[in-house]
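Okay, model-v4.pdb is below, PDB, N, CA and C atoms, pLDDT in the B column:
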ATOM      1  N   MET E   1       0.818  -1.187   0.000  1.00 50.00           N
ATOM      2  CA  MET E   1       0.000   0.000   0.000  1.00 50.00           C
ATOM      3  C   MET E   1       0.863   1.252   0.000  1.00 50.00           C
ATOM      4  N   GLY E   2       2.042   1.162   0.599  1.00 58.00           N
ATOM      5  CA  GLY E   2       2.956   2.297   0.617  1.00 58.00           C
ATOM      6  C   GLY E   2       3.405   2.687  -0.780  1.00 58.00           C
ATOM      7  N   ALA E   3       3.599   1.689  -1.652  1.00 59.00           N
ATOM      8  CA  ALA E   3       4.042   1.979  -3.020  1.00 59.00           C
ATOM      9  C   ALA E   3       2.965   2.713  -3.804  1.00 59.00           C
ATOM     10  N   ALA E   4       1.708   2.328  -3.630  1.00 59.00           N
ATOM     11  CA  ALA E   4       0.611   2.994  -4.340  1.00 59.00           C
ATOM     12  C   ALA E   4       0.502   4.443  -3.892  1.00 59.00           C
ATOM     13  N   LYS E   5       0.654   4.666  -2.609  1.00 59.00           N
ATOM     14  CA  LYS E   5       0.598   6.031  -2.077  1.00 59.00           C
ATOM     15  C   LYS E   5       1.752   6.851  -2.638  1.00 59.00           C
ATOM     16  N   SER E   6       2.924   6.240  -2.729  1.00 59.00           N
ATOM     17  CA  SER E   6       4.107   6.903  -3.269  1.00 59.00           C
ATOM     18  C   SER E   6       3.926   7.240  -4.743  1.00 59.00           C
ATOM     19  N   ASP E   7       3.340   6.316  -5.518  1.00 64.00           N
ATOM     20  CA  ASP E   7       3.093   6.553  -6.938  1.00 64.00           C
ATOM     21  C   ASP E   7       2.141   7.721  -7.136  1.00 64.00           C
ATOM     22  N   ARG E   8       1.101   7.794  -6.331  1.00 62.00           N
ATOM     23  CA  ARG E   8       0.120   8.881  -6.444  1.00 62.00           C
ATOM     24  C   ARG E   8       0.783  10.211  -6.102  1.00 62.00           C
ATOM     25  N   GLY E   9       1.643  10.220  -5.106  1.00 62.00           N
ATOM     26  CA  GLY E   9       2.360  11.437  -4.742  1.00 62.00           C
ATOM     27  C   GLY E   9       3.270  11.888  -5.860  1.00 62.00           C
ATOM     28  N   LEU E  10       3.922  10.953  -6.533  1.00 58.00           N
ATOM     29  CA  LEU E  10       4.799  11.280  -7.651  1.00 58.00           C
ATOM     30  C   LEU E  10       3.984  11.868  -8.790  1.00 58.00           C
ATOM     31  N   GLU E  11       2.811  11.274  -9.070  1.00 59.00           N
ATOM     32  CA  GLU E  11       1.947  11.781 -10.131  1.00 59.00           C
ATOM     33  C   GLU E  11       1.506  13.209  -9.807  1.00 59.00           C
ATOM     34  N   MET E  12       1.138  13.453  -8.578  1.00 59.00           N
ATOM     35  CA  MET E  12       0.691  14.777  -8.167  1.00 59.00           C
ATOM     36  C   MET E  12       1.826  15.794  -8.284  1.00 59.00           C
ATOM     37  N   ALA E  13       3.052  15.339  -8.093  1.00 68.00           N
ATOM     38  CA  ALA E  13       4.195  16.248  -8.134  1.00 68.00           C
ATOM     39  C   ALA E  13       4.529  16.655  -9.567  1.00 68.00           C
ATOM     40  N   GLN E  14       4.056  15.915 -10.546  1.00 93.00           N
ATOM     41  CA  GLN E  14       4.361  16.204 -11.938  1.00 93.00           C
ATOM     42  C   GLN E  14       3.310  17.151 -12.510  1.00 93.00           C
ATOM     43  N   LEU E  15       3.455  18.417 -12.154  1.00 95.00           N
ATOM     44  CA  LEU E  15       2.521  19.441 -12.597  1.00 95.00           C
ATOM     45  C   LEU E  15       3.190  20.332 -13.619  1.00 95.00           C
ATOM     46  N   LEU E  16       2.434  20.724 -14.629  1.00 97.00           N
ATOM     47  CA  LEU E  16       2.938  21.620 -15.667  1.00 97.00           C
ATOM     48  C   LEU E  16       2.394  23.022 -15.427  1.00 97.00           C
ATOM     49  N   THR E  17       3.252  24.003 -15.621  1.00 97.00           N
ATOM     50  CA  THR E  17       2.820  25.394 -15.558  1.00 97.00           C
ATOM     51  C   THR E  17       2.288  25.792 -16.927  1.00 97.00           C
ATOM     52  N   VAL E  18       1.640  26.942 -16.998  1.00 97.00           N
ATOM     53  CA  VAL E  18       1.148  27.447 -18.284  1.00 97.00           C
ATOM     54  C   VAL E  18       2.329  27.664 -19.235  1.00 97.00           C
ATOM     55  N   VAL E  19       3.414  28.224 -18.736  1.00 97.00           N
ATOM     56  CA  VAL E  19       4.592  28.477 -19.579  1.00 97.00           C
ATOM     57  C   VAL E  19       5.124  27.171 -20.162  1.00 97.00           C
ATOM     58  N   GLU E  20       5.176  26.121 -19.355  1.00 97.00           N
ATOM     59  CA  GLU E  20       5.652  24.828 -19.851  1.00 97.00           C
ATOM     60  C   GLU E  20       4.723  24.269 -20.927  1.00 97.00           C
ATOM     61  N   MET E  21       3.416  24.409 -20.709  1.00 97.00           N
ATOM     62  CA  MET E  21       2.469  23.924 -21.713  1.00 97.00           C
ATOM     63  C   MET E  21       2.576  24.725 -23.002  1.00 97.00           C
ATOM     64  N   LEU E  22       2.762  26.037 -22.892  1.00 98.00           N
ATOM     65  CA  LEU E  22       2.916  26.880 -24.084  1.00 98.00           C
ATOM     66  C   LEU E  22       4.146  26.476 -24.882  1.00 98.00           C
ATOM     67  N   GLU E  23       5.226  26.158 -24.188  1.00 97.00           N
ATOM     68  CA  GLU E  23       6.462  25.730 -24.865  1.00 97.00           C
ATOM     69  C   GLU E  23       6.247  24.404 -25.585  1.00 97.00           C
ATOM     70  N   ILE E  24       5.567  23.474 -24.932  1.00 96.00           N
ATOM     71  CA  ILE E  24       5.318  22.163 -25.549  1.00 96.00           C
ATOM     72  C   ILE E  24       4.421  22.313 -26.772  1.00 96.00           C
ATOM     73  N   LEU E  25       3.370  23.118 -26.641  1.00 96.00           N
ATOM     74  CA  LEU E  25       2.388  23.277 -27.715  1.00 96.00           C
ATOM     75  C   LEU E  25       2.817  24.253 -28.798  1.00 96.00           C
ATOM     76  N   ASP E  26       3.758  25.134 -28.478  1.00 97.00           N
ATOM     77  CA  ASP E  26       4.217  26.183 -29.388  1.00 97.00           C
ATOM     78  C   ASP E  26       3.052  27.056 -29.851  1.00 97.00           C
ATOM     79  N   VAL E  27       2.272  27.513 -28.864  1.00 97.00           N
ATOM     80  CA  VAL E  27       1.160  28.430 -29.128  1.00 97.00           C
ATOM     81  C   VAL E  27       1.288  29.636 -28.205  1.00 97.00           C
ATOM     82  N   SER E  28       0.551  30.690 -28.537  1.00 98.00           N
ATOM     83  CA  SER E  28       0.585  31.895 -27.718  1.00 98.00           C
ATOM     84  C   SER E  28      -0.274  31.703 -26.466  1.00 98.00           C
ATOM     85  N   ARG E  29      -0.037  32.548 -25.499  1.00 98.00           N
ATOM     86  CA  ARG E  29      -0.827  32.541 -24.269  1.00 98.00           C
ATOM     87  C   ARG E  29      -2.298  32.818 -24.601  1.00 98.00           C
ATOM     88  N   ASP E  30      -2.541  33.759 -25.526  1.00 98.00           N
ATOM     89  CA  ASP E  30      -3.914  34.079 -25.928  1.00 98.00           C
ATOM     90  C   ASP E  30      -4.632  32.849 -26.493  1.00 98.00           C
ATOM     91  N   THR E  31      -3.950  32.111 -27.347  1.00 98.00           N
ATOM     92  CA  THR E  31      -4.547  30.905 -27.930  1.00 98.00           C
ATOM     93  C   THR E  31      -4.873  29.896 -26.841  1.00 98.00           C
ATOM     94  N   PHE E  32      -3.947  29.681 -25.928  1.00 97.00           N
ATOM     95  CA  PHE E  32      -4.155  28.728 -24.835  1.00 97.00           C
ATOM     96  C   PHE E  32      -5.399  29.111 -24.024  1.00 97.00           C
ATOM     97  N   TYR E  33      -5.529  30.382 -23.673  1.00 97.00           N
ATOM     98  CA  TYR E  33      -6.667  30.811 -22.865  1.00 97.00           C
ATOM     99  C   TYR E  33      -7.977  30.795 -23.660  1.00 97.00           C
ATOM    100  N   LYS E  34      -7.917  31.003 -24.964  1.00 98.00           N
ATOM    101  CA  LYS E  34      -9.122  30.855 -25.802  1.00 98.00           C
ATOM    102  C   LYS E  34      -9.581  29.403 -25.803  1.00 98.00           C
ATOM    103  N   TRP E  35      -8.628  28.483 -25.909  1.00 97.00           N
ATOM    104  CA  TRP E  35      -8.962  27.060 -25.845  1.00 97.00           C
ATOM    105  C   TRP E  35      -9.639  26.742 -24.517  1.00 97.00           C
ATOM    106  N   ARG E  36      -9.108  27.290 -23.441  1.00 96.00           N
ATOM    107  CA  ARG E  36      -9.692  27.042 -22.115  1.00 96.00           C
ATOM    108  C   ARG E  36     -11.111  27.600 -22.035  1.00 96.00           C
ATOM    109  N   GLN E  37     -11.327  28.796 -22.563  1.00 96.00           N
ATOM    110  CA  GLN E  37     -12.652  29.425 -22.519  1.00 96.00           C
ATOM    111  C   GLN E  37     -13.689  28.625 -23.292  1.00 96.00           C
ATOM    112  N   THR E  38     -13.259  28.007 -24.374  1.00 97.00           N
ATOM    113  CA  THR E  38     -14.189  27.246 -25.214  1.00 97.00           C
ATOM    114  C   THR E  38     -14.254  25.766 -24.840  1.00 97.00           C
ATOM    115  N   GLY E  39     -13.539  25.380 -23.795  1.00 96.00           N
ATOM    116  CA  GLY E  39     -13.562  23.990 -23.346  1.00 96.00           C
ATOM    117  C   GLY E  39     -12.717  23.052 -24.187  1.00 96.00           C
ATOM    118  N   LYS E  40     -11.837  23.603 -25.010  1.00 96.00           N
ATOM    119  CA  LYS E  40     -10.994  22.781 -25.890  1.00 96.00           C
ATOM    120  C   LYS E  40      -9.591  22.553 -25.334  1.00 96.00           C
ATOM    121  N   GLY E  41      -9.270  23.193 -24.227  1.00 96.00           N
ATOM    122  CA  GLY E  41      -7.936  23.087 -23.648  1.00 96.00           C
ATOM    123  C   GLY E  41      -7.823  21.925 -22.684  1.00 96.00           C
ATOM    124  N   PRO E  42      -6.612  21.690 -22.192  1.00 96.00           N
ATOM    125  CA  PRO E  42      -6.411  20.618 -21.215  1.00 96.00           C
ATOM    126  C   PRO E  42      -7.063  20.969 -19.884  1.00 96.00           C
ATOM    127  N   ARG E  43      -7.388  19.946 -19.123  1.00 95.00           N
ATOM    128  CA  ARG E  43      -7.978  20.152 -17.799  1.00 95.00           C
ATOM    129  C   ARG E  43      -6.913  20.704 -16.855  1.00 95.00           C
ATOM    130  N   CYS E  44      -7.184  21.843 -16.289  1.00 96.00           N
ATOM    131  CA  CYS E  44      -6.256  22.507 -15.372  1.00 96.00           C
ATOM    132  C   CYS E  44      -6.979  22.825 -14.074  1.00 96.00           C
ATOM    133  N   PHE E  45      -6.213  23.206 -13.081  1.00 95.00           N
ATOM    134  CA  PHE E  45      -6.803  23.671 -11.833  1.00 95.00           C
ATOM    135  C   PHE E  45      -6.035  24.892 -11.366  1.00 95.00           C
ATOM    136  N   THR E  46      -6.685  25.683 -10.544  1.00 96.00           N
ATOM    137  CA  THR E  46      -6.109  26.929 -10.057  1.00 96.00           C
ATOM    138  C   THR E  46      -5.566  26.734  -8.651  1.00 96.00           C
ATOM    139  N   LEU E  47      -4.338  27.157  -8.453  1.00 95.00           N
ATOM    140  CA  LEU E  47      -3.730  27.138  -7.126  1.00 95.00           C
ATOM    141  C   LEU E  47      -4.278  28.302  -6.299  1.00 95.00           C
ATOM    142  N   PRO E  48      -4.103  28.261  -4.983  1.00 97.00           N
ATOM    143  CA  PRO E  48      -4.584  29.362  -4.154  1.00 97.00           C
ATOM    144  C   PRO E  48      -4.021  30.737  -4.551  1.00 97.00           C
ATOM    145  N   ASN E  49      -2.837  30.762  -5.182  1.00 97.00           N
ATOM    146  CA  ASN E  49      -2.258  32.045  -5.601  1.00 97.00           C
ATOM    147  C   ASN E  49      -2.765  32.490  -6.971  1.00 97.00           C
ATOM    148  N   GLY E  50      -3.702  31.735  -7.557  1.00 96.00           N
ATOM    149  CA  GLY E  50      -4.312  32.108  -8.829  1.00 96.00           C
ATOM    150  C   GLY E  50      -3.636  31.521 -10.060  1.00 96.00           C
ATOM    151  N   GLU E  51      -2.502  30.863  -9.895  1.00 96.00           N
ATOM    152  CA  GLU E  51      -1.789  30.281 -11.039  1.00 96.00           C
ATOM    153  C   GLU E  51      -2.421  28.954 -11.439  1.00 96.00           C
ATOM    154  N   LEU E  52      -2.380  28.666 -12.739  1.00 96.00           N
ATOM    155  CA  LEU E  52      -2.918  27.410 -13.268  1.00 96.00           C
ATOM    156  C   LEU E  52      -1.841  26.335 -13.276  1.00 96.00           C
ATOM    157  N   ARG E  53      -2.276  25.111 -13.075  1.00 96.00           N
ATOM    158  CA  ARG E  53      -1.408  23.959 -13.203  1.00 96.00           C
ATOM    159  C   ARG E  53      -2.201  22.848 -13.883  1.00 96.00           C
ATOM    160  N   CYS E  54      -1.490  21.965 -14.538  1.00 96.00           N
ATOM    161  CA  CYS E  54      -2.092  20.813 -15.196  1.00 96.00           C
ATOM    162  C   CYS E  54      -1.262  19.592 -14.840  1.00 96.00           C
ATOM    163  N   MET E  55      -1.934  18.517 -14.442  1.00 94.00           N
ATOM    164  CA  MET E  55      -1.204  17.277 -14.177  1.00 94.00           C
ATOM    165  C   MET E  55      -0.652  16.770 -15.499  1.00 94.00           C
ATOM    166  N   ALA E  56       0.582  16.339 -15.485  1.00 95.00           N
ATOM    167  CA  ALA E  56       1.243  15.865 -16.699  1.00 95.00           C
ATOM    168  C   ALA E  56       0.446  14.740 -17.356  1.00 95.00           C
ATOM    169  N   ALA E  57      -0.138  13.855 -16.551  1.00 93.00           N
ATOM    170  CA  ALA E  57      -0.925  12.742 -17.096  1.00 93.00           C
ATOM    171  C   ALA E  57      -2.169  13.260 -17.814  1.00 93.00           C
ATOM    172  N   ASP E  58      -2.825  14.266 -17.250  1.00 94.00           N
ATOM    173  CA  ASP E  58      -4.006  14.856 -17.896  1.00 94.00           C
ATOM    174  C   ASP E  58      -3.627  15.544 -19.199  1.00 94.00           C
ATOM    175  N   PHE E  59      -2.497  16.228 -19.198  1.00 96.00           N
ATOM    176  CA  PHE E  59      -2.019  16.919 -20.394  1.00 96.00           C
ATOM    177  C   PHE E  59      -1.717  15.903 -21.502  1.00 96.00           C
ATOM    178  N   ALA E  60      -1.038  14.818 -21.146  1.00 95.00           N
ATOM    179  CA  ALA E  60      -0.698  13.776 -22.123  1.00 95.00           C
ATOM    180  C   ALA E  60      -1.967  13.133 -22.685  1.00 95.00           C
ATOM    181  N   GLU E  61      -2.957  12.894 -21.825  1.00 95.00           N
ATOM    182  CA  GLU E  61      -4.227  12.308 -22.273  1.00 95.00           C
ATOM    183  C   GLU E  61      -4.944  13.260 -23.236  1.00 95.00           C
ATOM    184  N   TRP E  62      -4.943  14.550 -22.921  1.00 96.00           N
ATOM    185  CA  TRP E  62      -5.567  15.555 -23.788  1.00 96.00           C
ATOM    186  C   TRP E  62      -4.892  15.565 -25.162  1.00 96.00           C
ATOM    187  N   LEU E  63      -3.556  15.525 -25.183  1.00 94.00           N
ATOM    188  CA  LEU E  63      -2.829  15.499 -26.453  1.00 94.00           C
ATOM    189  C   LEU E  63      -3.167  14.249 -27.256  1.00 94.00           C
ATOM    190  N   THR E  64      -3.253  13.125 -26.583  1.00 94.00           N
ATOM    191  CA  THR E  64      -3.589  11.860 -27.247  1.00 94.00           C
ATOM    192  C   THR E  64      -4.970  11.930 -27.888  1.00 94.00           C
ATOM    193  N   LYS E  65      -5.932  12.512 -27.165  1.00 93.00           N
ATOM    194  CA  LYS E  65      -7.283  12.653 -27.717  1.00 93.00           C
ATOM    195  C   LYS E  65      -7.289  13.564 -28.936  1.00 93.00           C
ATOM    196  N   LEU E  66      -6.462  14.609 -28.921  1.00 89.00           N
ATOM    197  CA  LEU E  66      -6.369  15.498 -30.080  1.00 89.00           C
ATOM    198  C   LEU E  66      -5.854  14.737 -31.299  1.00 89.00           C
ATOM    199  N   GLY E  67      -4.849  13.895 -31.079  1.00 83.00           N
ATOM    200  CA  GLY E  67      -4.294  13.111 -32.174  1.00 83.00           C
ATOM    201  C   GLY E  67      -5.299  12.146 -32.748  1.00 83.00           C
ATOM    202  N   GLY E  68      -6.153  11.583 -31.901  1.00 77.00           N
ATOM    203  CA  GLY E  68      -7.175  10.651 -32.356  1.00 77.00           C
ATOM    204  C   GLY E  68      -8.271  11.342 -33.152  1.00 77.00           C
ATOM    205  N   ALA E  69      -8.526  12.608 -32.828  1.00 68.00           N
ATOM    206  CA  ALA E  69      -9.593  13.342 -33.502  1.00 68.00           C
ATOM    207  C   ALA E  69      -9.142  13.878 -34.867  1.00 68.00           C
ATOM    208  N   ALA E  70      -7.838  13.946 -35.083  1.00 62.00           N
ATOM    209  CA  ALA E  70      -7.314  14.524 -36.321  1.00 62.00           C
ATOM    210  C   ALA E  70      -7.483  13.601 -37.502  1.00 62.00           C
TER     211      ALA E  70
END

Before we go any further, please render this structure as structure tokens.
Amino acid sequence: MGAAKSDRGLEMAQLLTVVEMLEILDVSRDTFYKWRQTGKGPRCFTLPNGELRCMAADFAEWLTKLGGAA
């Protein structure tokens, strides 16, 4: 059970910032936020300081779904 807890903690620690996602996607900040407004962007959450983060696993899943839709 300790290993499962450790794996979940590692997954939670792998968070992407908006800047990191912009670099990976090679899009502007405006484009990223338009995608979010229209529900087409990756699932993100807001930290208490107002900054967005995305779990790396969620980001990878979102990219995979985009590839399947193309």

Distance query segment 56-58 of chain E at most 7 Å, only N, CA and C atoms, self and fewer than 3 positions along chain excluded, as an NGL selection string: :E and (11 or 14-16 or 42-43 or 61-63)

Pick from E:Lys65, E:Asn49, E:Thr38, E:Tyr33, whichever lies nearest to Met21 of chain E using only C-alpha atoms: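 Smallest distance to Met21 of chain E is found for E:Tyr33.
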
Separation of atom C of Leu47 of chain E from atom N of Trp35 of chain E in Å: 20.1 Å
